[in-house]
>>> print(open('my_file-v1.tsv').read())   # TSV, C-alpha atoms (C1' of nucleotides)
chain	number	residue	atom	x	y	z
A	1	MET	CA	290.73	125.02	122.98
A	2	GLN	CA	287.56	123.51	121.57
A	3	GLN	CA	288.81	120.23	120.22
A	4	TYR	CA	290.47	117.79	122.54
A	5	SER	CA	293.29	115.77	121.14
A	6	ARG	CA	295.87	113.69	122.89
A	7	ASP	CA	298.39	116.44	122.16
A	8	ASN	CA	296.21	118.99	123.90
A	9	MET	CA	296.02	116.68	126.84
A	10	ALA	CA	299.79	116.63	127.25
A	11	ASP	CA	299.83	120.43	127.34
A	12	LEU	CA	296.90	120.51	129.71
A	13	LEU	CA	298.64	118.12	132.07
A	14	ARG	CA	301.87	120.08	131.95
A	15	ARG	CA	299.99	123.28	132.73
A	16	HIS	CA	298.74	121.59	135.86
A	17	ASP	CA	302.17	120.36	136.91
A	18	ILE	CA	301.48	116.80	135.93
A	19	ASN	CA	304.06	114.78	134.12
A	20	PRO	CA	302.23	113.55	131.03
A	21	THR	CA	302.59	109.81	130.67
A	22	HIS	CA	300.73	107.67	128.17
A	23	GLN	CA	298.28	106.41	130.75
A	24	ARG	CA	297.58	109.85	132.10
A	25	ILE	CA	296.99	111.22	128.64
A	26	GLU	CA	294.57	108.43	127.83
A	27	ILE	CA	292.64	108.96	131.02
A	28	ALA	CA	292.49	112.72	130.58
A	29	TYR	CA	291.44	112.25	126.97
A	30	ALA	CA	288.66	109.87	127.98
A	31	LEU	CA	287.22	112.48	130.32
A	32	PHE	CA	287.79	115.66	128.37
A	33	SER	CA	286.91	114.47	124.90
A	34	ARG	CA	283.59	113.22	126.22
A	35	GLN	CA	282.90	116.05	128.63
A	36	GLN	CA	280.91	113.60	130.68
A	37	HIS	CA	280.70	112.41	134.22
A	38	LEU	CA	282.41	109.06	134.41
A	39	SER	CA	283.11	106.65	137.20
A	40	ALA	CA	286.47	105.00	137.72
A	41	ASP	CA	285.35	101.70	136.26
A	42	GLN	CA	283.84	103.37	133.21
A	43	ILE	CA	287.11	105.16	132.64
A	44	MET	CA	289.05	101.95	133.00
A	45	ALA	CA	286.79	100.27	130.45
A	46	ILE	CA	287.19	103.11	127.96
A	47	VAL	CA	290.93	103.32	128.35
A	48	ASN	CA	291.48	99.62	128.01
A	49	ASP	CA	289.36	99.44	124.89
A	50	ARG	CA	291.87	101.72	123.21
A	51	HIS	CA	295.62	101.57	122.90
A	52	SER	CA	297.34	100.68	126.08
A	53	GLU	CA	296.33	98.47	128.90
A	54	THR	CA	296.05	100.32	132.16
A	55	SER	CA	295.72	98.81	135.57
A	56	LYS	CA	293.11	99.62	138.16
A	57	ALA	CA	295.75	101.03	140.48
A	58	THR	CA	296.93	103.44	137.82
A	59	VAL	CA	293.43	104.62	137.04
A	60	TYR	CA	292.84	105.42	140.70
A	61	ASN	CA	296.26	106.94	141.21
A	62	THR	CA	295.78	109.13	138.17
A	63	LEU	CA	292.29	110.26	139.04
A	64	ASN	CA	293.39	111.19	142.53
A	65	LEU	CA	296.36	113.04	141.12
A	66	PHE	CA	294.09	114.95	138.75
A	67	LEU	CA	291.83	115.82	141.68
A	68	GLU	CA	294.73	117.05	143.75
A	69	LYS	CA	295.96	119.20	140.90
A	70	LYS	CA	292.44	120.48	140.35
A	71	LEU	CA	292.26	119.26	136.81
A	72	ILE	CA	288.97	117.53	137.49
A	73	ARG	CA	286.32	117.49	140.18
A	74	GLU	CA	284.59	114.68	141.98
A	75	VAL	CA	280.85	114.47	142.30
A	76	ILE	CA	279.47	112.46	145.16
A	77	VAL	CA	275.82	111.63	144.64
A	78	ASP	CA	275.69	107.90	144.41
A	79	PRO	CA	276.40	105.85	147.50
A	80	ASN	CA	278.26	103.28	145.42
A	81	LYS	CA	280.70	105.21	143.34
A	82	VAL	CA	282.29	108.55	142.74
A	83	PHE	CA	281.86	110.38	139.45
A	84	TYR	CA	284.68	112.41	137.98
A	85	ASP	CA	283.80	115.62	136.22
A	86	PRO	CA	286.13	117.30	133.72
A	87	ASN	CA	284.25	120.56	134.20
A	88	THR	CA	285.87	122.40	137.08
A	89	GLN	CA	283.93	125.59	136.59
A	90	LEU	CA	281.44	126.35	139.31
A	91	HIS	CA	278.28	124.45	138.51
A	92	HIS	CA	275.67	122.25	140.05
A	93	HIS	CA	273.90	119.01	139.17
A	94	PHE	CA	270.67	117.29	138.44
A	95	TYR	CA	270.88	113.70	139.55
A	96	ASN	CA	268.32	111.28	138.23
A	97	VAL	CA	268.06	108.81	141.06
A	98	SER	CA	266.43	106.11	138.99
A	99	SER	CA	268.73	106.16	135.97
A	100	GLY	CA	271.86	107.41	137.71
A	101	GLU	CA	272.18	110.10	135.06
A	102	LEU	CA	273.99	113.25	136.05
A	103	THR	CA	273.44	116.57	134.26
A	104	ASP	CA	275.16	119.89	134.71
A	105	ILE	CA	273.40	123.00	135.90
A	106	ASP	CA	275.22	126.15	134.95
A	107	ALA	CA	275.97	128.13	138.10
A	108	GLU	CA	275.47	131.33	136.17
A	109	GLY	CA	272.36	132.95	137.53
A	110	VAL	CA	271.96	130.58	140.44
A	111	THR	CA	272.26	132.23	143.80
A	112	ILE	CA	271.80	130.96	147.30
A	113	CYS	CA	270.61	133.42	149.91
A	114	GLY	CA	270.43	133.10	153.63
A	115	LEU	CA	273.21	130.65	154.36
A	116	PRO	CA	274.43	131.11	157.91
A	117	GLN	CA	277.95	132.29	158.61
A	118	LEU	CA	280.68	129.68	158.60
A	119	PRO	CA	281.83	128.28	161.92
A	120	ASP	CA	285.06	129.89	163.09
A	121	GLY	CA	288.38	128.70	161.82
A	122	VAL	CA	287.13	127.15	158.63
A	123	VAL	CA	286.98	128.26	155.04
A	124	THR	CA	284.70	127.19	152.25
A	125	GLU	CA	286.02	124.55	149.94
A	126	GLY	CA	282.99	124.56	147.68
A	127	VAL	CA	279.23	124.64	147.58
A	128	ASP	CA	277.35	121.90	145.82
A	129	ILE	CA	273.71	121.91	144.94
A	130	ILE	CA	272.27	118.58	143.95
A	131	VAL	CA	268.74	118.44	142.63
A	132	ARG	CA	267.61	114.88	142.90
A	133	ILE	CA	264.99	114.06	140.31
A	134	ARG	CA	263.04	111.00	139.28
A	135	PRO	CA	260.62	110.16	136.49
A	136	GLY	CA	257.11	111.31	137.26
A	137	ALA	CA	254.36	113.59	136.08
A	138	ALA	CA	255.36	116.03	133.37
A	139	ALA	CA	257.19	119.08	134.59
A	140	GLN	CA	254.96	121.89	135.74
A	141	ALA	CA	254.48	124.76	133.27
B	142	MET	CA	257.99	114.98	171.91
B	143	GLN	CA	261.24	116.35	173.24
B	144	GLN	CA	262.64	113.35	175.09
B	145	TYR	CA	263.29	110.18	173.21
B	146	SER	CA	262.69	106.95	175.05
B	147	ARG	CA	262.44	103.44	173.75
B	148	ASP	CA	258.68	103.64	174.31
B	149	ASN	CA	258.45	106.70	172.11
B	150	MET	CA	260.34	104.84	169.48
B	151	ALA	CA	257.75	102.08	169.34
B	152	ASP	CA	255.04	104.67	168.78
B	153	LEU	CA	257.12	106.48	166.22
B	154	LEU	CA	257.70	103.27	164.31
B	155	ARG	CA	254.03	102.35	164.40
B	156	ARG	CA	253.10	105.78	163.11
B	157	HIS	CA	255.32	105.08	160.14
B	158	ASP	CA	253.85	101.65	159.48
B	159	ILE	CA	256.81	99.82	160.86
B	160	ASN	CA	256.40	96.82	163.09
B	161	PRO	CA	258.40	97.74	166.19
B	162	THR	CA	260.80	94.97	167.04
B	163	HIS	CA	263.55	95.12	169.64
B	164	GLN	CA	266.26	95.66	167.08
B	165	ARG	CA	264.35	98.33	165.22
B	166	ILE	CA	263.64	100.16	168.45
B	167	GLU	CA	267.29	100.08	169.43
B	168	ILE	CA	268.40	101.37	166.06
B	169	ALA	CA	265.81	104.12	166.02
B	170	TYR	CA	266.74	105.03	169.57
B	171	ALA	CA	270.41	105.23	168.68
B	172	LEU	CA	269.67	107.75	165.94
B	173	PHE	CA	266.91	109.80	167.53
B	174	SER	CA	268.24	110.07	171.05
B	175	ARG	CA	271.51	111.41	169.68
B	176	GLN	CA	270.05	113.50	166.88
B	177	GLN	CA	273.28	112.95	165.03
B	178	HIS	CA	274.42	111.81	161.65
B	179	LEU	CA	275.63	108.25	161.99
B	180	SER	CA	276.98	105.72	159.55
B	181	ALA	CA	275.83	102.12	159.49
B	182	ASP	CA	278.92	100.85	161.25
B	183	GLN	CA	278.65	103.47	163.98
B	184	ILE	CA	275.06	102.45	164.54
B	185	MET	CA	276.03	98.82	164.72
B	186	ALA	CA	278.69	99.60	167.30
B	187	ILE	CA	276.27	101.61	169.44
B	188	VAL	CA	273.51	99.06	169.29
B	189	ASN	CA	275.75	96.15	170.13
B	190	ASP	CA	277.24	97.95	173.09
B	191	ARG	CA	273.81	98.00	174.62
B	192	HIS	CA	271.27	95.31	175.26
B	193	SER	CA	270.77	93.04	172.33
B	194	GLU	CA	273.16	91.81	169.75
B	195	THR	CA	272.18	92.84	166.27
B	196	SER	CA	273.63	91.54	163.06
B	197	LYS	CA	275.01	93.58	160.22
B	198	ALA	CA	272.24	92.40	157.92
B	199	THR	CA	269.59	93.62	160.32
B	200	VAL	CA	271.21	97.01	160.68
B	201	TYR	CA	271.20	97.48	156.93
B	202	ASN	CA	267.73	96.03	156.49
B	203	THR	CA	266.40	98.28	159.18
B	204	LEU	CA	268.06	101.43	157.94
B	205	ASN	CA	266.76	100.81	154.45
B	206	LEU	CA	263.32	100.16	155.82
B	207	PHE	CA	263.44	103.42	157.76
B	208	LEU	CA	264.51	105.23	154.62
B	209	GLU	CA	261.69	103.75	152.61
B	210	LYS	CA	259.17	104.73	155.25
B	211	LYS	CA	260.69	108.18	155.38
B	212	LEU	CA	261.55	107.96	159.03
B	213	ILE	CA	265.12	109.01	158.35
B	214	ARG	CA	267.12	110.50	155.50
B	215	GLU	CA	270.40	109.56	153.96
B	216	VAL	CA	273.17	112.06	153.42
B	217	ILE	CA	275.70	111.30	150.73
B	218	VAL	CA	278.80	113.41	151.12
B	219	ASP	CA	281.57	110.99	151.86
B	220	PRO	CA	282.73	108.68	149.10
B	221	ASN	CA	283.16	105.87	151.59
B	222	LYS	CA	279.94	105.66	153.50
B	223	VAL	CA	276.41	106.89	153.79
B	224	PHE	CA	275.27	108.89	156.80
B	225	TYR	CA	271.79	108.47	158.20
B	226	ASP	CA	270.04	111.54	159.49
B	227	PRO	CA	267.11	111.39	161.90
B	228	ASN	CA	266.12	114.90	160.90
B	229	THR	CA	263.77	114.60	157.93
B	230	GLN	CA	262.84	118.26	157.88
B	231	LEU	CA	264.14	120.19	154.94
B	232	HIS	CA	267.67	121.24	155.77
B	233	HIS	CA	271.15	121.39	154.35
B	234	HIS	CA	274.65	120.54	155.54
B	235	PHE	CA	278.08	121.78	156.30
B	236	TYR	CA	280.57	119.03	155.64
B	237	ASN	CA	284.02	119.35	157.11
B	238	VAL	CA	286.12	117.49	154.61
B	239	SER	CA	289.08	117.06	156.90
B	240	SER	CA	287.29	115.81	159.99
B	241	GLY	CA	284.31	114.22	158.28
B	242	GLU	CA	282.03	116.15	160.60
B	243	LEU	CA	278.55	116.92	159.35
B	244	THR	CA	276.49	119.83	160.67
B	245	ASP	CA	272.93	120.83	159.91
B	246	ILE	CA	271.98	124.08	158.24
B	247	ASP	CA	268.41	125.06	158.89
B	248	ALA	CA	266.63	125.47	155.57
B	249	GLU	CA	264.59	128.30	157.06
B	250	GLY	CA	265.66	131.46	155.32
B	251	VAL	CA	267.79	129.72	152.72
B	252	THR	CA	266.57	130.20	149.19
B	253	ILE	CA	267.98	129.22	145.86
B	254	CYS	CA	267.21	131.44	142.90
B	255	GLY	CA	267.78	130.91	139.24
B	256	LEU	CA	267.63	127.14	138.96
B	257	PRO	CA	266.65	126.14	135.46
B	258	GLN	CA	263.42	124.33	134.77
B	259	LEU	CA	263.35	120.60	135.27
B	260	PRO	CA	263.75	118.39	132.23
B	261	ASP	CA	260.43	117.03	131.00
B	262	GLY	CA	258.90	114.02	132.60
B	263	VAL	CA	260.68	114.24	135.91
B	264	VAL	CA	259.77	115.56	139.32
B	265	THR	CA	261.98	116.80	142.10
B	266	GLU	CA	262.82	114.32	144.77
B	267	GLY	CA	264.79	116.77	146.87
B	268	VAL	CA	267.35	119.52	146.77
B	269	ASP	CA	270.53	119.21	148.78
B	270	ILE	CA	273.00	121.94	149.43
B	271	ILE	CA	276.34	120.82	150.75
B	272	VAL	CA	278.82	123.42	151.89
B	273	ARG	CA	282.19	121.74	152.00
B	274	ILE	CA	284.47	123.39	154.52
B	275	ARG	CA	287.96	122.81	155.81
B	276	PRO	CA	290.12	124.29	158.55
B	277	GLY	CA	291.82	127.49	157.46
B	278	ALA	CA	291.99	131.20	158.11
B	279	ALA	CA	289.27	132.56	160.37
B	280	ALA	CA	285.95	133.04	158.65
B	281	GLN	CA	285.66	136.25	156.71
B	282	ALA	CA	283.54	138.99	158.31
C	283	DA	C1'	250.34	76.44	177.94
C	284	DC	C1'	251.20	75.36	173.27
C	285	DA	C1'	251.06	74.37	168.24
C	286	DG	C1'	251.42	76.71	164.01
C	287	DC	C1'	252.54	80.46	161.02
C	288	DG	C1'	254.41	84.48	158.94
C	289	DA	C1'	257.57	88.03	159.80
C	290	DA	C1'	262.04	89.23	161.39
C	291	DT	C1'	266.74	88.05	162.35
C	292	DT	C1'	270.96	85.69	161.71
C	293	DA	C1'	275.72	84.13	160.08
C	294	DG	C1'	278.36	83.91	156.66
C	295	DA	C1'	279.32	83.96	151.79
C	296	DC	C1'	279.52	87.18	148.34
C	297	DA	C1'	280.15	91.54	145.32
C	298	DG	C1'	282.15	95.86	144.07
C	299	DA	C1'	284.86	100.06	144.98
C	300	DG	C1'	289.00	101.53	146.28
C	301	DT	C1'	293.82	101.04	148.67
C	302	DC	C1'	298.36	99.16	149.45
C	303	DC	C1'	302.61	97.14	148.59
C	304	DA	C1'	306.50	95.11	146.54
C	305	DT	C1'	308.18	94.56	142.01
C	306	DA	C1'	308.85	95.89	137.27
C	307	DT	C1'	309.00	99.23	133.77
C	308	DT	C1'	309.55	103.67	131.88
C	309	DT	C1'	311.51	108.22	131.74
C	310	DT	C1'	315.02	111.51	132.59
C	311	DG	C1'	319.38	113.51	133.01
C	312	DG	C1'	324.16	113.06	132.66
D	313	DC	C1'	324.11	104.11	127.38
D	314	DC	C1'	323.74	103.91	132.47
D	315	DA	C1'	321.89	104.98	136.95
D	316	DA	C1'	318.42	107.20	139.61
D	317	DA	C1'	313.86	108.75	140.06
D	318	DA	C1'	309.25	108.52	138.80
D	319	DT	C1'	305.50	105.78	137.30
D	320	DA	C1'	302.84	101.61	136.46
D	321	DT	C1'	301.53	96.95	137.60
D	322	DG	C1'	299.14	92.77	139.59
D	323	DG	C1'	297.39	90.92	143.27
D	324	DA	C1'	296.16	90.73	147.86
D	325	DC	C1'	293.60	93.20	150.97
D	326	DT	C1'	289.90	96.22	153.36
D	327	DC	C1'	285.58	98.05	153.71
D	328	DT	C1'	280.74	98.89	152.79
D	329	DG	C1'	276.84	96.85	151.61
D	330	DT	C1'	273.83	92.75	149.67
D	331	DC	C1'	272.08	88.10	149.38
D	332	DT	C1'	270.54	83.63	150.86
D	333	DA	C1'	269.09	79.84	153.33
D	334	DA	C1'	268.17	78.53	157.74
D	335	DT	C1'	266.66	79.71	162.42
D	336	DT	C1'	264.13	82.15	165.80
D	337	DC	C1'	260.68	85.31	167.39
D	338	DG	C1'	256.23	86.76	168.60
D	339	DC	C1'	251.80	86.35	167.70
D	340	DT	C1'	247.17	84.12	167.14
D	341	DG	C1'	243.71	80.86	168.28
D	342	DT	C1'	242.59	77.00	171.02
>>> encode(input="my_file-v1.tsv", output="structure tokens")
Amino acid sequence: MQQYSRDNMADLLRRHDINPTHQRIEIAYALFSRQQHLSADQIMAIVNDRHSETSKATVYNTLNLFLEKKLIREVIVDPNKVFYDPNTQLHHHFYNVSSGELTDIDAEGVTICGLPQLPDGVVTEGVDIIVRIRPGAAAQA
Amino acid sequence: MQQYSRDNMADLLRRHDINPTHQRIEIAYALFSRQQHLSADQIMAIVNDRHSETSKATVYNTLNLFLEKKLIREVIVDPNKVFYDPNTQLHHHFYNVSSGELTDIDAEGVTICGLPQLPDGVVTEGVDIIVRIRPGAAAQA
DNA sequence: ACAGCGAATTAGACAGAGTCCATATTTTGG
DNA sequence: CCAAAATATGGACTCTGTCTAATTCGCTGT
């Protein structure tokens, strides 16, 4: 459970109803072994540095498949690109607007009070909190 | 204060240190008179349906200028485009992922508890809460 | 009215993310 | 080992947004 190997990845994919192909395993491995937020082009660079060559179309197809099967999550904070997050547990993010760095905030202990009721006929898909930060004076004590 | 006219816009722009030109007034008017969240291409369509013709470059230049001068806010929820929000007061959003519709949530009464301390050397730029919703069973009681 | 000047605007080329499609390759089951 | 189904591929394409060099606008002072 702790260590991510390519074998684990195959099992993980199967558990999510995804046929494990080489490319899919590589892409999953890139995300899960790093436990980082990566963009599609970063993933493509990582994957193509290793074994197989993988096309842009496949990277996008695969990431969207993973999203659909809820294997990963997307984080939309940057107007230019989507980040993919291997952590699907409920959590929030710090986003450093000057460096583009994205950091997890454990949702444990974070509560939001006073949200209005949902409009009729809709259900919640998820609640994201994004704390946008930038370099500045030292944090207050 | 309640009604938005093109004359108001000129004053508003001047108050924010922006030289009021025809194009800028039209763009500001498009956003403020509607009090809606619009994307750059929607704004371009609106503005060019009216009086003057305005180029794509000007629309983007102007929106970025407005952002810089804190006349408007950007809302990043859709991977494909940025929405511009004439409401700069602290508030949050419902985002209907199937229709793309964006609705304000008054920040009054909404509190977030339990956020961890900021990393050192950074300051908060803003906190966004996005409640992603989609059509489904009626809202729970 | 008009010359001159800086600021604003323009068209169009460009860049990057992401999609689409028709073809090729791989995988699977028999 | 073969055929069918699923997957992967390259390349063209779309869309949002940026850049640049050239033009035009709107002002000032005369």
>>> atom_distance(input="my_file-v1.tsv", atom1="atom CA of Tyr60 of chain A", atom2="atom CA of Ala40 of chain A")
7.0 Å
>>> calpha_fit_and_write(input="my_file-v1.tsv", fixed="chain B", moving="chain A", output="mmCIF file with C-alpha atoms, keeping the file's coordinate frame")
data_model
loop_
_atom_site.group_PDB
_atom_site.id
_atom_site.type_symbol
_atom_site.label_atom_id
_atom_site.label_comp_id
_atom_site.auth_asym_id
_atom_site.auth_seq_id
_atom_site.Cartn_x
_atom_site.Cartn_y
_atom_site.Cartn_z
ATOM 1 C CA MET A 1 257.896 114.896 171.856
ATOM 2 C CA GLN A 2 261.124 116.306 173.237
ATOM 3 C CA GLN A 3 262.531 113.339 175.070
ATOM 4 C CA TYR A 4 263.219 110.163 173.191
ATOM 5 C CA SER A 5 262.627 106.952 175.017
ATOM 6 C CA ARG A 6 262.389 103.445 173.716
ATOM 7 C CA ASP A 7 258.632 103.642 174.254
ATOM 8 C CA ASN A 8 258.414 106.716 172.067
ATOM 9 C CA MET A 9 260.330 104.863 169.437
ATOM 10 C CA ALA A 10 257.750 102.088 169.283
ATOM 11 C CA ASP A 11 255.013 104.664 168.715
ATOM 12 C CA LEU A 12 257.111 106.486 166.168
ATOM 13 C CA LEU A 13 257.709 103.282 164.249
ATOM 14 C CA ARG A 14 254.047 102.347 164.329
ATOM 15 C CA ARG A 15 253.112 105.784 163.029
ATOM 16 C CA HIS A 16 255.334 105.088 160.064
ATOM 17 C CA ASP A 17 253.863 101.656 159.404
ATOM 18 C CA ILE A 18 256.843 99.828 160.780
ATOM 19 C CA ASN A 19 256.400 96.844 162.996
ATOM 20 C CA PRO A 20 258.416 97.718 166.091
ATOM 21 C CA THR A 21 260.818 94.935 166.945
ATOM 22 C CA HIS A 22 263.532 95.124 169.570
ATOM 23 C CA GLN A 23 266.261 95.653 167.016
ATOM 24 C CA ARG A 24 264.355 98.338 165.199
ATOM 25 C CA ILE A 25 263.632 100.169 168.411
ATOM 26 C CA GLU A 26 267.278 100.082 169.409
ATOM 27 C CA ILE A 27 268.393 101.391 166.059
ATOM 28 C CA ALA A 28 265.794 104.146 166.008
ATOM 29 C CA TYR A 29 266.698 105.058 169.572
ATOM 30 C CA ALA A 30 270.386 105.264 168.693
ATOM 31 C CA LEU A 31 269.635 107.771 165.952
ATOM 32 C CA PHE A 32 266.878 109.818 167.516
ATOM 33 C CA SER A 33 268.184 110.094 171.045
ATOM 34 C CA ARG A 34 271.457 111.420 169.680
ATOM 35 C CA GLN A 35 270.028 113.535 166.891
ATOM 36 C CA GLN A 36 273.261 112.989 165.043
ATOM 37 C CA HIS A 37 274.418 111.841 161.677
ATOM 38 C CA LEU A 38 275.624 108.290 162.025
ATOM 39 C CA SER A 39 276.982 105.755 159.614
ATOM 40 C CA ALA A 40 275.836 102.155 159.528
ATOM 41 C CA ASP A 41 278.909 100.878 161.318
ATOM 42 C CA GLN A 42 278.633 103.515 164.027
ATOM 43 C CA ILE A 43 275.044 102.495 164.577
ATOM 44 C CA MET A 44 275.997 98.854 164.754
ATOM 45 C CA ALA A 45 278.659 99.652 167.344
ATOM 46 C CA ILE A 46 276.239 101.659 169.474
ATOM 47 C CA VAL A 47 273.493 99.086 169.305
ATOM 48 C CA ASN A 48 275.735 96.192 170.147
ATOM 49 C CA ASP A 49 277.203 98.000 173.120
ATOM 50 C CA ARG A 50 273.745 98.009 174.657
ATOM 51 C CA HIS A 51 271.218 95.276 175.227
ATOM 52 C CA SER A 52 270.796 93.008 172.304
ATOM 53 C CA GLU A 53 273.208 91.825 169.727
ATOM 54 C CA THR A 54 272.231 92.858 166.248
ATOM 55 C CA SER A 55 273.695 91.593 163.043
ATOM 56 C CA LYS A 56 275.058 93.660 160.206
ATOM 57 C CA ALA A 57 272.313 92.437 157.903
ATOM 58 C CA THR A 58 269.646 93.615 160.307
ATOM 59 C CA VAL A 59 271.214 97.026 160.702
ATOM 60 C CA TYR A 60 271.221 97.503 156.939
ATOM 61 C CA ASN A 61 267.770 96.044 156.465
ATOM 62 C CA THR A 62 266.403 98.305 159.165
ATOM 63 C CA LEU A 63 268.075 101.452 157.933
ATOM 64 C CA ASN A 64 266.801 100.837 154.432
ATOM 65 C CA LEU A 65 263.341 100.186 155.787
ATOM 66 C CA PHE A 66 263.455 103.438 157.743
ATOM 67 C CA LEU A 67 264.546 105.252 154.585
ATOM 68 C CA GLU A 68 261.736 103.753 152.569
ATOM 69 C CA LYS A 69 259.212 104.742 155.197
ATOM 70 C CA LYS A 70 260.733 108.206 155.350
ATOM 71 C CA LEU A 71 261.568 107.972 158.997
ATOM 72 C CA ILE A 72 265.133 109.033 158.329
ATOM 73 C CA ARG A 73 267.136 110.530 155.499
ATOM 74 C CA GLU A 74 270.433 109.584 153.961
ATOM 75 C CA VAL A 75 273.210 112.061 153.428
ATOM 76 C CA ILE A 76 275.740 111.274 150.762
ATOM 77 C CA VAL A 77 278.859 113.373 151.144
ATOM 78 C CA ASP A 78 281.602 110.928 151.836
ATOM 79 C CA PRO A 79 282.710 108.593 149.084
ATOM 80 C CA ASN A 80 283.151 105.780 151.590
ATOM 81 C CA LYS A 81 279.974 105.651 153.563
ATOM 82 C CA VAL A 82 276.451 106.899 153.837
ATOM 83 C CA PHE A 83 275.295 108.910 156.833
ATOM 84 C CA TYR A 84 271.808 108.498 158.214
ATOM 85 C CA ASP A 85 270.051 111.573 159.492
ATOM 86 C CA PRO A 86 267.110 111.407 161.905
ATOM 87 C CA ASN A 87 266.118 114.927 160.894
ATOM 88 C CA THR A 88 263.803 114.650 157.916
ATOM 89 C CA GLN A 89 262.859 118.295 157.870
ATOM 90 C CA LEU A 90 264.180 120.225 154.919
ATOM 91 C CA HIS A 91 267.708 121.276 155.746
ATOM 92 C CA HIS A 92 271.172 121.413 154.331
ATOM 93 C CA HIS A 93 274.682 120.562 155.498
ATOM 94 C CA PHE A 94 278.134 121.777 156.228
ATOM 95 C CA TYR A 95 280.601 119.006 155.598
ATOM 96 C CA ASN A 96 284.057 119.341 157.045
ATOM 97 C CA VAL A 97 286.131 117.443 154.540
ATOM 98 C CA SER A 98 289.104 117.025 156.825
ATOM 99 C CA SER A 99 287.323 115.829 159.958
ATOM 100 C CA GLY A 100 284.323 114.225 158.281
ATOM 101 C CA GLU A 101 282.059 116.207 160.584
ATOM 102 C CA LEU A 102 278.590 116.953 159.322
ATOM 103 C CA THR A 103 276.522 119.872 160.637
ATOM 104 C CA ASP A 104 272.971 120.872 159.883
ATOM 105 C CA ILE A 105 272.034 124.107 158.196
ATOM 106 C CA ASP A 106 268.470 125.108 158.855
ATOM 107 C CA ALA A 107 266.676 125.512 155.535
ATOM 108 C CA GLU A 108 264.653 128.332 157.007
ATOM 109 C CA GLY A 109 265.731 131.480 155.253
ATOM 110 C CA VAL A 110 267.835 129.740 152.647
ATOM 111 C CA THR A 111 266.600 130.208 149.132
ATOM 112 C CA ILE A 112 267.988 129.189 145.799
ATOM 113 C CA CYS A 113 267.182 131.378 142.826
ATOM 114 C CA GLY A 114 267.705 130.783 139.173
ATOM 115 C CA LEU A 115 267.545 127.017 138.942
ATOM 116 C CA PRO A 116 266.526 125.985 135.449
ATOM 117 C CA GLN A 117 263.256 124.195 134.836
ATOM 118 C CA LEU A 118 263.211 120.454 135.355
ATOM 119 C CA PRO A 119 263.558 118.223 132.321
ATOM 120 C CA ASP A 120 260.205 116.872 131.169
ATOM 121 C CA GLY A 121 258.678 113.859 132.793
ATOM 122 C CA VAL A 122 260.512 114.113 136.066
ATOM 123 C CA VAL A 123 259.661 115.469 139.468
ATOM 124 C CA THR A 124 261.891 116.733 142.217
ATOM 125 C CA GLU A 125 262.749 114.287 144.924
ATOM 126 C CA GLY A 126 264.756 116.758 146.963
ATOM 127 C CA VAL A 127 267.321 119.505 146.807
ATOM 128 C CA ASP A 128 270.511 119.196 148.774
ATOM 129 C CA ILE A 129 273.007 121.915 149.407
ATOM 130 C CA ILE A 130 276.346 120.781 150.715
ATOM 131 C CA VAL A 131 278.852 123.378 151.809
ATOM 132 C CA ARG A 132 282.196 121.695 151.920
ATOM 133 C CA ILE A 133 284.494 123.347 154.417
ATOM 134 C CA ARG A 134 287.994 122.768 155.697
ATOM 135 C CA PRO A 135 290.158 124.291 158.408
ATOM 136 C CA GLY A 136 291.824 127.479 157.272
ATOM 137 C CA ALA A 137 292.064 131.168 157.971
ATOM 138 C CA ALA A 138 289.500 132.502 160.409
ATOM 139 C CA ALA A 139 286.099 133.134 158.934
ATOM 140 C CA GLN A 140 285.703 136.502 157.295
ATOM 141 C CA ALA A 141 283.877 139.154 159.344
#
>>> atom_distance(input="my_file-v1.tsv", atom1="atom CA of Met150 of chain B", atom2="atom CA of Ala198 of chain B")
20.7 Å
>>> residues_around(input="my_file-v1.tsv", residues="DT292 of chain C", least_positions_apart="5", cutoff="10 Å", atoms="only C-alpha atoms (C1' of nucleotides)", output="list in words")
Thr195, Ser196, Lys197, Ala198 and Thr199 of chain B; DA334, DT335 and DT336 of chain D
>>> write_last_selection(input="my_file-v1.tsv", atoms="C-alpha atoms (C1' of nucleotides)", output="compact mmCIF listing (two decimals), in the frame of the given file")
# COMPACT_ATOMS: atom_id res chain seq x y z
CA THR B 195 272.18 92.84 166.27
CA SER B 196 273.63 91.54 163.06
CA LYS B 197 275.01 93.58 160.22
CA ALA B 198 272.24 92.40 157.92
CA THR B 199 269.59 93.62 160.32
C1' DA D 334 268.17 78.53 157.74
C1' DT D 335 266.66 79.71 162.42
C1' DT D 336 264.13 82.15 165.80
>>> closest_atom_pairs(input="my_file-v1.tsv", of="chain A", to="chain D", cutoff="12 Å", atoms="all atoms listed in the file", output="CSV")
residue,atom,partner,partner_atom,distance
A:Ile18,CA,D:DA318,C1',11.7
A:Asn19,CA,D:DA318,C1',9.4
A:Pro20,CA,D:DT319,C1',10.5
A:Thr21,CA,D:DT319,C1',8.3
A:His22,CA,D:DT319,C1',10.5
A:Gln23,CA,D:DA320,C1',8.7
A:Arg24,CA,D:DT319,C1',10.3
A:Ser52,CA,D:DA320,C1',11.8
A:Glu53,CA,D:DT321,C1',10.2
A:Thr54,CA,D:DA320,C1',8.1
A:Ser55,CA,D:DT321,C1',6.4
A:Lys56,CA,D:DT321,C1',8.9
A:Ala57,CA,D:DT321,C1',7.6
A:Thr58,CA,D:DA320,C1',6.3
A:Val59,CA,D:DA320,C1',9.9
A:Tyr60,CA,D:DA320,C1',11.5
A:Asn61,CA,D:DA320,C1',9.7
A:Thr62,CA,D:DT319,C1',10.3
A:Pro79,CA,D:DT328,C1',9.8
A:Asn80,CA,D:DT328,C1',8.9
A:Lys81,CA,D:DT328,C1',11.4
